[in-house]
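Everything below belongs to model02.pdb, which stores PDB, C-alpha atoms, pLDDT in the B column.
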```pdb
ATOM      1  CA  SER A  17      -9.540   3.898  82.158  1.00 45.00           C
ATOM      2  CA  LYS A  18      -5.950   5.008  82.443  1.00 44.00           C
ATOM      3  CA  ARG A  19      -5.184   7.911  84.694  1.00 45.00           C
ATOM      4  CA  LEU A  20      -2.610  10.377  83.546  1.00 44.00           C
ATOM      5  CA  ARG A  21      -0.105  11.273  86.213  1.00 42.00           C
ATOM      6  CA  PRO A  22       2.377  14.081  85.891  1.00 43.00           C
ATOM      7  CA  ALA A  23       6.025  13.183  86.026  1.00 42.00           C
ATOM      8  CA  PRO A  24       7.374  13.505  89.607  1.00 42.00           C
ATOM      9  CA  HIS A  25       9.741  16.302  88.656  1.00 42.00           C
ATOM     10  CA  ALA A  26       6.969  18.286  86.953  1.00 41.00           C
ATOM     11  CA  SER A  27       4.822  18.568  90.082  1.00 39.00           C
ATOM     12  CA  GLN A  28       7.583  19.599  92.482  1.00 42.00           C
ATOM     13  CA  PRO A  29       8.080  23.223  91.318  1.00 47.00           C
ATOM     14  CA  ILE A  30       4.322  23.835  91.429  1.00 43.00           C
ATOM     15  CA  VAL A  31       4.170  22.688  95.058  1.00 45.00           C
ATOM     16  CA  MET A  32       7.195  24.821  95.963  1.00 50.00           C
ATOM     17  CA  ASN A  33       5.675  27.868  94.298  1.00 60.00           C
ATOM     18  CA  LEU A  34       2.401  27.389  96.176  1.00 59.00           C
ATOM     19  CA  VAL A  35       4.260  27.095  99.475  1.00 55.00           C
ATOM     20  CA  GLU A  36       6.342  30.156  98.643  1.00 59.00           C
ATOM     21  CA  LEU A  37       3.200  32.219  98.048  1.00 64.00           C
ATOM     22  CA  PHE A  38       2.591  32.230 101.807  1.00 71.00           C
ATOM     23  CA  LEU A  39       6.153  33.019 102.905  1.00 84.00           C
ATOM     24  CA  SER A  40       7.917  36.342 103.283  1.00 90.00           C
ATOM     25  CA  PRO A  41      10.526  37.147 100.630  1.00 93.00           C
ATOM     26  CA  GLU A  42      13.272  36.544 103.206  1.00 95.00           C
ATOM     27  CA  ALA A  43      11.804  33.127 104.110  1.00 94.00           C
ATOM     28  CA  VAL A  44      11.673  32.205 100.419  1.00 94.00           C
ATOM     29  CA  ALA A  45      15.293  33.331 100.053  1.00 96.00           C
ATOM     30  CA  ARG A  46      16.361  31.228 103.076  1.00 95.00           C
ATOM     31  CA  ARG A  47      14.545  28.236 101.592  1.00 93.00           C
ATOM     32  CA  ARG A  48      16.182  28.668  98.177  1.00 95.00           C
ATOM     33  CA  ILE A  49      19.616  29.195  99.751  1.00 97.00           C
ATOM     34  CA  ALA A  50      19.206  25.983 101.776  1.00 96.00           C
ATOM     35  CA  GLU A  51      18.203  24.074  98.631  1.00 95.00           C
ATOM     36  CA  ALA A  52      21.170  25.525  96.739  1.00 97.00           C
ATOM     37  CA  ALA A  53      23.531  24.583  99.589  1.00 96.00           C
ATOM     38  CA  ARG A  54      22.240  20.980  99.607  1.00 96.00           C
ATOM     39  CA  ALA A  55      22.664  20.755  95.827  1.00 96.00           C
ATOM     40  CA  GLY A  56      26.094  22.437  95.752  1.00 96.00           C
ATOM     41  CA  ALA A  57      24.652  24.945  93.290  1.00 97.00           C
ATOM     42  CA  GLU A  58      26.941  27.166  91.265  1.00 98.00           C
ATOM     43  CA  SER A  59      24.234  29.709  90.410  1.00 97.00           C
ATOM     44  CA  LEU A  60      21.369  31.262  92.364  1.00 98.00           C
ATOM     45  CA  ASN A  61      18.751  33.776  91.247  1.00 97.00           C
ATOM     46  CA  LEU A  62      17.010  35.779  93.977  1.00 97.00           C
ATOM     47  CA  SER A  63      16.097  38.708  91.732  1.00 96.00           C
ATOM     48  CA  CYS A  64      12.768  40.586  91.704  1.00 95.00           C
ATOM     49  CA  MET A  65      11.671  39.184  95.087  1.00 94.00           C
ATOM     50  CA  LYS A  66      11.269  42.459  97.006  1.00 95.00           C
ATOM     51  CA  LEU A  67      13.969  41.289  99.413  1.00 96.00           C
ATOM     52  CA  ARG A  68      14.869  43.850 102.053  1.00 96.00           C
ATOM     53  CA  ARG A  69      17.538  41.681 103.651  1.00 96.00           C
ATOM     54  CA  LEU A  70      19.738  38.937 102.259  1.00 98.00           C
ATOM     55  CA  PRO A  71      19.895  36.111 104.820  1.00 97.00           C
ATOM     56  CA  PRO A  72      23.381  35.492 106.293  1.00 97.00           C
ATOM     57  CA  GLU A  73      22.991  31.850 105.257  1.00 97.00           C
ATOM     58  CA  ILE A  74      24.214  33.031 101.841  1.00 98.00           C
ATOM     59  CA  GLY A  75      27.683  32.369 103.253  1.00 97.00           C
ATOM     60  CA  LYS A  76      26.984  28.616 103.146  1.00 96.00           C
ATOM     61  CA  LEU A  77      27.082  28.604  99.343  1.00 97.00           C
ATOM     62  CA  LEU A  78      30.743  27.715  98.971  1.00 96.00           C
ATOM     63  CA  HIS A  79      30.436  26.557  95.346  1.00 97.00           C
ATOM     64  CA  LEU A  80      28.476  29.579  94.114  1.00 98.00           C
ATOM     65  CA  HIS A  81      29.838  31.216  90.940  1.00 98.00           C
ATOM     66  CA  VAL A  82      26.884  33.460  89.954  1.00 98.00           C
ATOM     67  CA  LEU A  83      24.483  35.320  92.263  1.00 98.00           C
ATOM     68  CA  HIS A  84      21.581  37.378  90.899  1.00 98.00           C
ATOM     69  CA  LEU A  85      20.095  39.853  93.381  1.00 98.00           C
ATOM     70  CA  TRP A  86      19.016  42.629  91.010  1.00 97.00           C
ATOM     71  CA  HIS A  87      15.739  44.531  91.406  1.00 97.00           C
ATOM     72  CA  ASN A  88      15.134  43.966  95.108  1.00 97.00           C
ATOM     73  CA  ARG A  89      14.984  46.371  98.050  1.00 98.00           C
ATOM     74  CA  LEU A  90      18.297  45.489  99.656  1.00 98.00           C
ATOM     75  CA  THR A  91      19.910  48.262 101.700  1.00 98.00           C
ATOM     76  CA  ASN A  92      23.016  46.281 102.680  1.00 97.00           C
ATOM     77  CA  LEU A  93      24.590  42.859 102.340  1.00 98.00           C
ATOM     78  CA  PRO A  94      25.603  40.506 105.130  1.00 98.00           C
ATOM     79  CA  PRO A  95      29.366  40.154 105.641  1.00 97.00           C
ATOM     80  CA  GLN A  96      28.900  36.391 105.182  1.00 98.00           C
ATOM     81  CA  ILE A  97      28.722  36.979 101.424  1.00 98.00           C
ATOM     82  CA  GLY A  98      32.507  37.073 101.586  1.00 97.00           C
ATOM     83  CA  ARG A  99      32.493  33.337 102.333  1.00 97.00           C
ATOM     84  CA  CYS A 100      31.295  32.700  98.769  1.00 97.00           C
ATOM     85  CA  THR A 101      34.916  32.672  97.638  1.00 97.00           C
ATOM     86  CA  GLN A 102      34.152  31.051  94.268  1.00 98.00           C
ATOM     87  CA  LEU A 103      31.830  33.914  93.276  1.00 98.00           C
ATOM     88  CA  GLU A 104      32.610  35.223  89.785  1.00 98.00           C
ATOM     89  CA  GLU A 105      29.499  37.264  88.963  1.00 97.00           C
ATOM     90  CA  LEU A 106      27.427  39.376  91.353  1.00 98.00           C
ATOM     91  CA  TYR A 107      24.368  41.233  90.058  1.00 97.00           C
ATOM     92  CA  LEU A 108      23.159  43.882  92.527  1.00 98.00           C
ATOM     93  CA  SER A 109      21.626  46.451  90.165  1.00 97.00           C
ATOM     94  CA  ASP A 110      18.449  48.324  91.079  1.00 97.00           C
ATOM     95  CA  ASN A 111      18.411  47.903  94.836  1.00 98.00           C
ATOM     96  CA  GLN A 112      18.604  50.481  97.618  1.00 98.00           C
ATOM     97  CA  LEU A 113      22.110  49.706  98.841  1.00 98.00           C
ATOM     98  CA  VAL A 114      23.583  52.315 101.175  1.00 97.00           C
ATOM     99  CA  SER A 115      26.800  50.438 101.959  1.00 96.00           C
ATOM    100  CA  LEU A 116      28.896  47.444 100.960  1.00 97.00           C
ATOM    101  CA  PRO A 117      30.587  45.012 103.337  1.00 97.00           C
ATOM    102  CA  ASP A 118      34.400  44.878 103.378  1.00 96.00           C
ATOM    103  CA  SER A 119      34.131  41.151 102.693  1.00 96.00           C
ATOM    104  CA  LEU A 120      33.265  41.915  99.035  1.00 95.00           C
ATOM    105  CA  SER A 121      36.827  43.048  98.490  1.00 92.00           C
ATOM    106  CA  HIS A 122      38.043  39.569  99.500  1.00 91.00           C
ATOM    107  CA  LEU A 123      36.371  37.636  96.676  1.00 97.00           C
ATOM    108  CA  PRO A 124      39.383  36.493  94.620  1.00 96.00           C
ATOM    109  CA  HIS A 125      37.492  35.252  91.534  1.00 97.00           C
ATOM    110  CA  LEU A 126      35.007  38.130  91.103  1.00 97.00           C
ATOM    111  CA  LYS A 127      34.967  39.080  87.401  1.00 96.00           C
ATOM    112  CA  ARG A 128      31.628  40.898  87.118  1.00 96.00           C
ATOM    113  CA  LEU A 129      30.036  43.254  89.634  1.00 97.00           C
ATOM    114  CA  TYR A 130      26.963  45.282  88.741  1.00 97.00           C
ATOM    115  CA  LEU A 131      25.849  47.989  91.166  1.00 97.00           C
ATOM    116  CA  HIS A 132      23.927  50.297  88.797  1.00 96.00           C
ATOM    117  CA  GLY A 133      20.715  51.768  90.172  1.00 96.00           C
ATOM    118  CA  ASN A 134      21.943  52.118  93.770  1.00 97.00           C
ATOM    119  CA  PRO A 135      22.184  55.927  94.033  1.00 96.00           C
ATOM    120  CA  LYS A 136      23.062  55.994  97.743  1.00 96.00           C
ATOM    121  CA  LEU A 137      26.360  54.236  97.016  1.00 96.00           C
ATOM    122  CA  HIS A 138      27.444  57.371  95.097  1.00 94.00           C
ATOM    123  CA  LEU A 139      29.311  55.417  92.432  1.00 95.00           C
ATOM    124  CA  PRO A 140      29.568  57.327  89.154  1.00 94.00           C
ATOM    125  CA  GLU A 141      28.628  55.651  85.880  1.00 91.00           C
ATOM    126  CA  LYS A 142      32.188  56.074  84.613  1.00 93.00           C
ATOM    127  CA  VAL A 143      33.345  53.793  87.453  1.00 95.00           C
ATOM    128  CA  LEU A 144      30.426  51.359  87.160  1.00 94.00           C
ATOM    129  CA  GLY A 145      30.805  50.957  83.411  1.00 92.00           C
ATOM    130  CA  ARG A 146      28.005  49.684  81.218  1.00 90.00           C
ATOM    131  CA  ARG A 147      24.916  48.049  82.690  1.00 90.00           C
ATOM    132  CA  TRP A 148      24.824  44.250  82.618  1.00 89.00           C
ATOM    133  CA  GLU A 149      22.023  44.189  80.062  1.00 88.00           C
ATOM    134  CA  VAL A 150      24.222  46.110  77.613  1.00 88.00           C
ATOM    135  CA  VAL A 151      27.271  43.948  78.319  1.00 88.00           C
ATOM    136  CA  MET A 152      25.271  40.734  77.855  1.00 86.00           C
ATOM    137  CA  SER A 153      23.576  41.859  74.639  1.00 89.00           C
ATOM    138  CA  SER A 154      26.652  43.381  73.008  1.00 86.00           C
ATOM    139  CA  GLY A 155      29.277  40.929  74.226  1.00 78.00           C
ATOM    140  CA  GLY A 156      31.438  43.768  75.557  1.00 79.00           C
ATOM    141  CA  ALA A 157      33.472  43.809  78.732  1.00 84.00           C
ATOM    142  CA  SER A 158      32.118  44.863  82.107  1.00 88.00           C
ATOM    143  CA  ALA A 159      33.852  47.276  84.452  1.00 92.00           C
ATOM    144  CA  SER A 160      36.498  45.717  86.663  1.00 95.00           C
ATOM    145  CA  PRO A 161      35.076  44.721  90.078  1.00 96.00           C
ATOM    146  CA  GLN A 162      38.418  45.679  91.645  1.00 95.00           C
ATOM    147  CA  THR A 163      38.169  49.200  90.197  1.00 95.00           C
ATOM    148  CA  ILE A 164      34.595  49.603  91.440  1.00 96.00           C
ATOM    149  CA  LEU A 165      35.395  48.335  94.941  1.00 96.00           C
ATOM    150  CA  GLU A 166      38.632  50.322  95.214  1.00 95.00           C
ATOM    151  CA  HIS A 167      36.732  53.492  94.293  1.00 94.00           C
ATOM    152  CA  TYR A 168      33.951  52.704  96.785  1.00 95.00           C
ATOM    153  CA  PHE A 169      36.222  51.777  99.709  1.00 92.00           C
ATOM    154  CA  HIS A 170      38.591  54.666  99.023  1.00 87.00           C
ATOM    155  CA  ARG A 171      35.665  57.122  99.169  1.00 73.00           C
ATOM    156  CA  HIS A 172      34.391  55.602 102.396  1.00 68.00           C
ATOM    157  CA  SER A 173      37.743  55.454 104.163  1.00 67.00           C
ATOM    158  CA  LEU A 174      38.287  59.229 103.958  1.00 54.00           C
TER     159      LEU A 174
END
```

Could you show the structure in this file as structure tokens?
Amino acid sequence: SKRLRPAPHASQPIVMNLVELFLSPEAVARRRIAEAARAGAESLNLSCMKLRRLPPEIGKLLHLHVLHLWHNRLTNLPPQIGRCTQLEELYLSDNQLVSLPDSLSHLPHLKRLYLHGNPKLHLPEKVLGRRWEVVMSSGGASASPQTILEHYFHRHSL
């Protein structure tokens, strides 16, 4: 009788998910960041992981264009995020951020920055613009990351 074997690529994610079940959210994030660095990934999704801390290894993702970190428990970001100089979209909504690193203001290609749902940053909705879900569903424009960051850093330099 013939034995059915799953395709090699089909079994790999299942094994990774089983391994990740026994790791802390930060260990899973470090693992996924390392995999993304090896692959030269342009996009990484670390959303909904209950992350309290983003590993500084995020700075190794030099080709990253899109980073999803929404709906975690992040209170701050490592300054190494500023090394992701190709970053165009950064989704940080619904965390517990209390501060932003200066290095965010040095991301030359940043086109979308979503910080909604981080009340301790004290950024008004009129500065933040529409939430990413609304922008994505309606095709409208997001608020300018430069405007958001200028407002934030101006408030915190007083």

Practice item. Apply the PyMOL selection byres ((chain A and resi 163) around 12) to the file shown and report the selected residues as an MDAnalysis selection string. Key: chainID A and resid 121 126:130 139:140 142:145 158:162 164:170

Check your understanding: In Å, how far is it from CA of Leu85 in chain A to CA of Met65 in chain A?
Key ->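 About the pair CA of Leu85 in chain A and CA of Met65 in chain A: they are 8.6 Å apart.
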
Exercise for review: Quick one: pull the distance between CA of Val151 in chain A and CA of Leu108 in chain A, Å, one decimal.
Suggested key: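 Distance between the two atoms: 14.8 Å.
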
Review point. If the PyMOL selection byres ((chain A and resi 64) around 8) is run on the structure shown, which residues does it catch, given as a list of chain:residue names?
Key: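 On the file shown, the PyMOL selection byres ((chain A and resi 64) around 8) covers A:Leu62, A:Ser63, A:Met65, A:Lys66, A:Leu67, A:Leu85, A:Trp86, A:His87, A:Asn88.
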
Mind telling me what the PyMOL selection byres ((chain A and resi 98-103) around 10) catches here, as a compact mmCIF listing (two decimals) with C-alpha atoms, keeping the file's coordinate frame?
```
# COMPACT_ATOMS: atom_id res chain seq x y z
CA GLU A 58 26.94 27.17 91.26
CA SER A 59 24.23 29.71 90.41
CA ILE A 74 24.21 33.03 101.84
CA GLY A 75 27.68 32.37 103.25
CA LYS A 76 26.98 28.62 103.15
CA LEU A 77 27.08 28.60 99.34
CA LEU A 78 30.74 27.72 98.97
CA HIS A 79 30.44 26.56 95.35
CA LEU A 80 28.48 29.58 94.11
CA HIS A 81 29.84 31.22 90.94
CA VAL A 82 26.88 33.46 89.95
CA LEU A 83 24.48 35.32 92.26
CA LEU A 93 24.59 42.86 102.34
CA PRO A 94 25.60 40.51 105.13
CA PRO A 95 29.37 40.15 105.64
CA GLN A 96 28.90 36.39 105.18
CA ILE A 97 28.72 36.98 101.42
CA GLU A 104 32.61 35.22 89.78
CA GLU A 105 29.50 37.26 88.96
CA LEU A 106 27.43 39.38 91.35
CA PRO A 117 30.59 45.01 103.34
CA ASP A 118 34.40 44.88 103.38
CA SER A 119 34.13 41.15 102.69
CA LEU A 120 33.26 41.92 99.04
CA SER A 121 36.83 43.05 98.49
CA HIS A 122 38.04 39.57 99.50
CA LEU A 123 36.37 37.64 96.68
CA PRO A 124 39.38 36.49 94.62
CA HIS A 125 37.49 35.25 91.53
CA LEU A 126 35.01 38.13 91.10
CA LYS A 127 34.97 39.08 87.40
CA ARG A 128 31.63 40.90 87.12
```

Check your understanding: Please, what distance in Å, to one decimal, runs between CA of Asn134 in chain A and CA of Arg68 in chain A?
Key ->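 Rounded to one decimal, the two atoms are 13.7 Å apart.
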
Exercise for review: Counting only C-alpha atoms, figure out which residue out of A:Ala57, A:Pro72, A:Asn92, A:Asn111 gets nearest to Ala45 in chain A.
Suggested key: A:Pro72

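The shortest atom-to-atom distance to Pro71 in chain A, with all atoms listed in the file taken into account, belongs to A:Arg46 out of A:Leu116, A:Ala55, A:His84, A:Arg46.
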
When you get a chance, write out all heavy atoms for range 158-169 of chain A, as a PDB file, in the coordinates of the input.
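Wrote it out as selection.pdb, contents follow:
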```
ATOM      1  N   SER A 158      32.687  44.109  80.993  1.00 88.00           N
ATOM      2  CA  SER A 158      32.118  44.863  82.107  1.00 88.00           C
ATOM      3  C   SER A 158      33.236  45.629  82.808  1.00 88.00           C
ATOM      4  O   SER A 158      34.411  45.380  82.569  1.00 88.00           O
ATOM      5  CB  SER A 158      31.433  43.913  83.087  1.00 88.00           C
ATOM      6  OG  SER A 158      32.373  42.996  83.620  1.00 88.00           O
ATOM      7  N   ALA A 159      32.864  46.548  83.671  1.00 92.00           N
ATOM      8  CA  ALA A 159      33.852  47.276  84.452  1.00 92.00           C
ATOM      9  C   ALA A 159      34.526  46.304  85.422  1.00 92.00           C
ATOM     10  O   ALA A 159      33.917  45.334  85.868  1.00 92.00           O
ATOM     11  CB  ALA A 159      33.186  48.413  85.218  1.00 92.00           C
ATOM     12  N   SER A 160      35.752  46.573  85.749  1.00 95.00           N
ATOM     13  CA  SER A 160      36.498  45.717  86.663  1.00 95.00           C
ATOM     14  C   SER A 160      35.921  45.816  88.077  1.00 95.00           C
ATOM     15  O   SER A 160      35.813  46.924  88.625  1.00 95.00           O
ATOM     16  CB  SER A 160      37.963  46.146  86.676  1.00 95.00           C
ATOM     17  OG  SER A 160      38.600  45.723  87.837  1.00 95.00           O
ATOM     18  N   PRO A 161      35.566  44.674  88.700  1.00 96.00           N
ATOM     19  CA  PRO A 161      35.076  44.721  90.078  1.00 96.00           C
ATOM     20  C   PRO A 161      36.099  45.352  91.026  1.00 96.00           C
ATOM     21  O   PRO A 161      35.731  46.086  91.939  1.00 96.00           O
ATOM     22  CB  PRO A 161      34.853  43.257  90.439  1.00 96.00           C
ATOM     23  CG  PRO A 161      34.642  42.576  89.141  1.00 96.00           C
ATOM     24  CD  PRO A 161      35.503  43.318  88.163  1.00 96.00           C
ATOM     25  N   GLN A 162      37.379  45.104  90.786  1.00 95.00           N
ATOM     26  CA  GLN A 162      38.418  45.679  91.645  1.00 95.00           C
ATOM     27  C   GLN A 162      38.399  47.202  91.573  1.00 95.00           C
ATOM     28  O   GLN A 162      38.511  47.879  92.597  1.00 95.00           O
ATOM     29  CB  GLN A 162      39.807  45.146  91.243  1.00 95.00           C
ATOM     30  CG  GLN A 162      40.013  43.685  91.553  1.00 95.00           C
ATOM     31  CD  GLN A 162      39.302  42.735  90.583  1.00 95.00           C
ATOM     32  OE1 GLN A 162      38.973  43.090  89.442  1.00 95.00           O
ATOM     33  NE2 GLN A 162      39.030  41.525  91.032  1.00 95.00           N
ATOM     34  N   THR A 163      38.229  47.750  90.365  1.00 95.00           N
ATOM     35  CA  THR A 163      38.169  49.200  90.197  1.00 95.00           C
ATOM     36  C   THR A 163      36.967  49.787  90.932  1.00 95.00           C
ATOM     37  O   THR A 163      37.077  50.801  91.625  1.00 95.00           O
ATOM     38  CB  THR A 163      38.107  49.571  88.697  1.00 95.00           C
ATOM     39  OG1 THR A 163      39.256  49.034  88.048  1.00 95.00           O
ATOM     40  CG2 THR A 163      38.043  51.069  88.492  1.00 95.00           C
ATOM     41  N   ILE A 164      35.816  49.131  90.786  1.00 96.00           N
ATOM     42  CA  ILE A 164      34.595  49.603  91.440  1.00 96.00           C
ATOM     43  C   ILE A 164      34.771  49.589  92.955  1.00 96.00           C
ATOM     44  O   ILE A 164      34.481  50.566  93.643  1.00 96.00           O
ATOM     45  CB  ILE A 164      33.385  48.733  91.028  1.00 96.00           C
ATOM     46  CG1 ILE A 164      33.098  48.881  89.531  1.00 96.00           C
ATOM     47  CG2 ILE A 164      32.149  49.101  91.849  1.00 96.00           C
ATOM     48  CD1 ILE A 164      32.121  47.857  88.983  1.00 96.00           C
ATOM     49  N   LEU A 165      35.249  48.469  93.488  1.00 96.00           N
ATOM     50  CA  LEU A 165      35.395  48.335  94.941  1.00 96.00           C
ATOM     51  C   LEU A 165      36.477  49.259  95.488  1.00 96.00           C
ATOM     52  O   LEU A 165      36.317  49.838  96.567  1.00 96.00           O
ATOM     53  CB  LEU A 165      35.656  46.886  95.315  1.00 96.00           C
ATOM     54  CG  LEU A 165      34.481  45.946  95.043  1.00 96.00           C
ATOM     55  CD1 LEU A 165      34.881  44.493  95.263  1.00 96.00           C
ATOM     56  CD2 LEU A 165      33.271  46.310  95.891  1.00 96.00           C
ATOM     57  N   GLU A 166      37.585  49.400  94.764  1.00 95.00           N
ATOM     58  CA  GLU A 166      38.632  50.322  95.214  1.00 95.00           C
ATOM     59  C   GLU A 166      38.086  51.743  95.299  1.00 95.00           C
ATOM     60  O   GLU A 166      38.359  52.462  96.256  1.00 95.00           O
ATOM     61  CB  GLU A 166      39.840  50.273  94.279  1.00 95.00           C
ATOM     62  CG  GLU A 166      40.704  49.048  94.484  1.00 95.00           C
ATOM     63  CD  GLU A 166      41.802  48.912  93.432  1.00 95.00           C
ATOM     64  OE1 GLU A 166      42.018  49.867  92.633  1.00 95.00           O
ATOM     65  OE2 GLU A 166      42.428  47.845  93.398  1.00 95.00           O
ATOM     66  N   HIS A 167      37.328  52.154  94.287  1.00 94.00           N
ATOM     67  CA  HIS A 167      36.732  53.492  94.293  1.00 94.00           C
ATOM     68  C   HIS A 167      35.788  53.634  95.491  1.00 94.00           C
ATOM     69  O   HIS A 167      35.843  54.623  96.222  1.00 94.00           O
ATOM     70  CB  HIS A 167      35.985  53.750  92.987  1.00 94.00           C
ATOM     71  CG  HIS A 167      35.369  55.111  92.918  1.00 94.00           C
ATOM     72  ND1 HIS A 167      36.061  56.213  92.497  1.00 94.00           N
ATOM     73  CD2 HIS A 167      34.129  55.547  93.240  1.00 94.00           C
ATOM     74  CE1 HIS A 167      35.276  57.272  92.556  1.00 94.00           C
ATOM     75  NE2 HIS A 167      34.095  56.891  93.004  1.00 94.00           N
ATOM     76  N   TYR A 168      34.923  52.650  95.692  1.00 95.00           N
ATOM     77  CA  TYR A 168      33.951  52.704  96.785  1.00 95.00           C
ATOM     78  C   TYR A 168      34.657  52.768  98.138  1.00 95.00           C
ATOM     79  O   TYR A 168      34.379  53.637  98.956  1.00 95.00           O
ATOM     80  CB  TYR A 168      33.011  51.498  96.731  1.00 95.00           C
ATOM     81  CG  TYR A 168      32.106  51.456  97.935  1.00 95.00           C
ATOM     82  CD1 TYR A 168      30.978  52.263  98.003  1.00 95.00           C
ATOM     83  CD2 TYR A 168      32.404  50.650  99.026  1.00 95.00           C
ATOM     84  CE1 TYR A 168      30.159  52.262  99.125  1.00 95.00           C
ATOM     85  CE2 TYR A 168      31.596  50.639 100.149  1.00 95.00           C
ATOM     86  CZ  TYR A 168      30.480  51.445 100.194  1.00 95.00           C
ATOM     87  OH  TYR A 168      29.689  51.447 101.310  1.00 95.00           O
ATOM     88  N   PHE A 169      35.587  51.836  98.392  1.00 92.00           N
ATOM     89  CA  PHE A 169      36.222  51.777  99.709  1.00 92.00           C
ATOM     90  C   PHE A 169      37.172  52.954  99.931  1.00 92.00           C
ATOM     91  O   PHE A 169      37.327  53.407 101.062  1.00 92.00           O
ATOM     92  CB  PHE A 169      36.925  50.428  99.923  1.00 92.00           C
ATOM     93  CG  PHE A 169      35.935  49.311 100.134  1.00 92.00           C
ATOM     94  CD1 PHE A 169      35.831  48.268  99.235  1.00 92.00           C
ATOM     95  CD2 PHE A 169      35.078  49.320 101.230  1.00 92.00           C
ATOM     96  CE1 PHE A 169      34.917  47.259  99.422  1.00 92.00           C
ATOM     97  CE2 PHE A 169      34.148  48.316 101.426  1.00 92.00           C
ATOM     98  CZ  PHE A 169      34.065  47.275 100.519  1.00 92.00           C
TER      99      PHE A 169
END
```
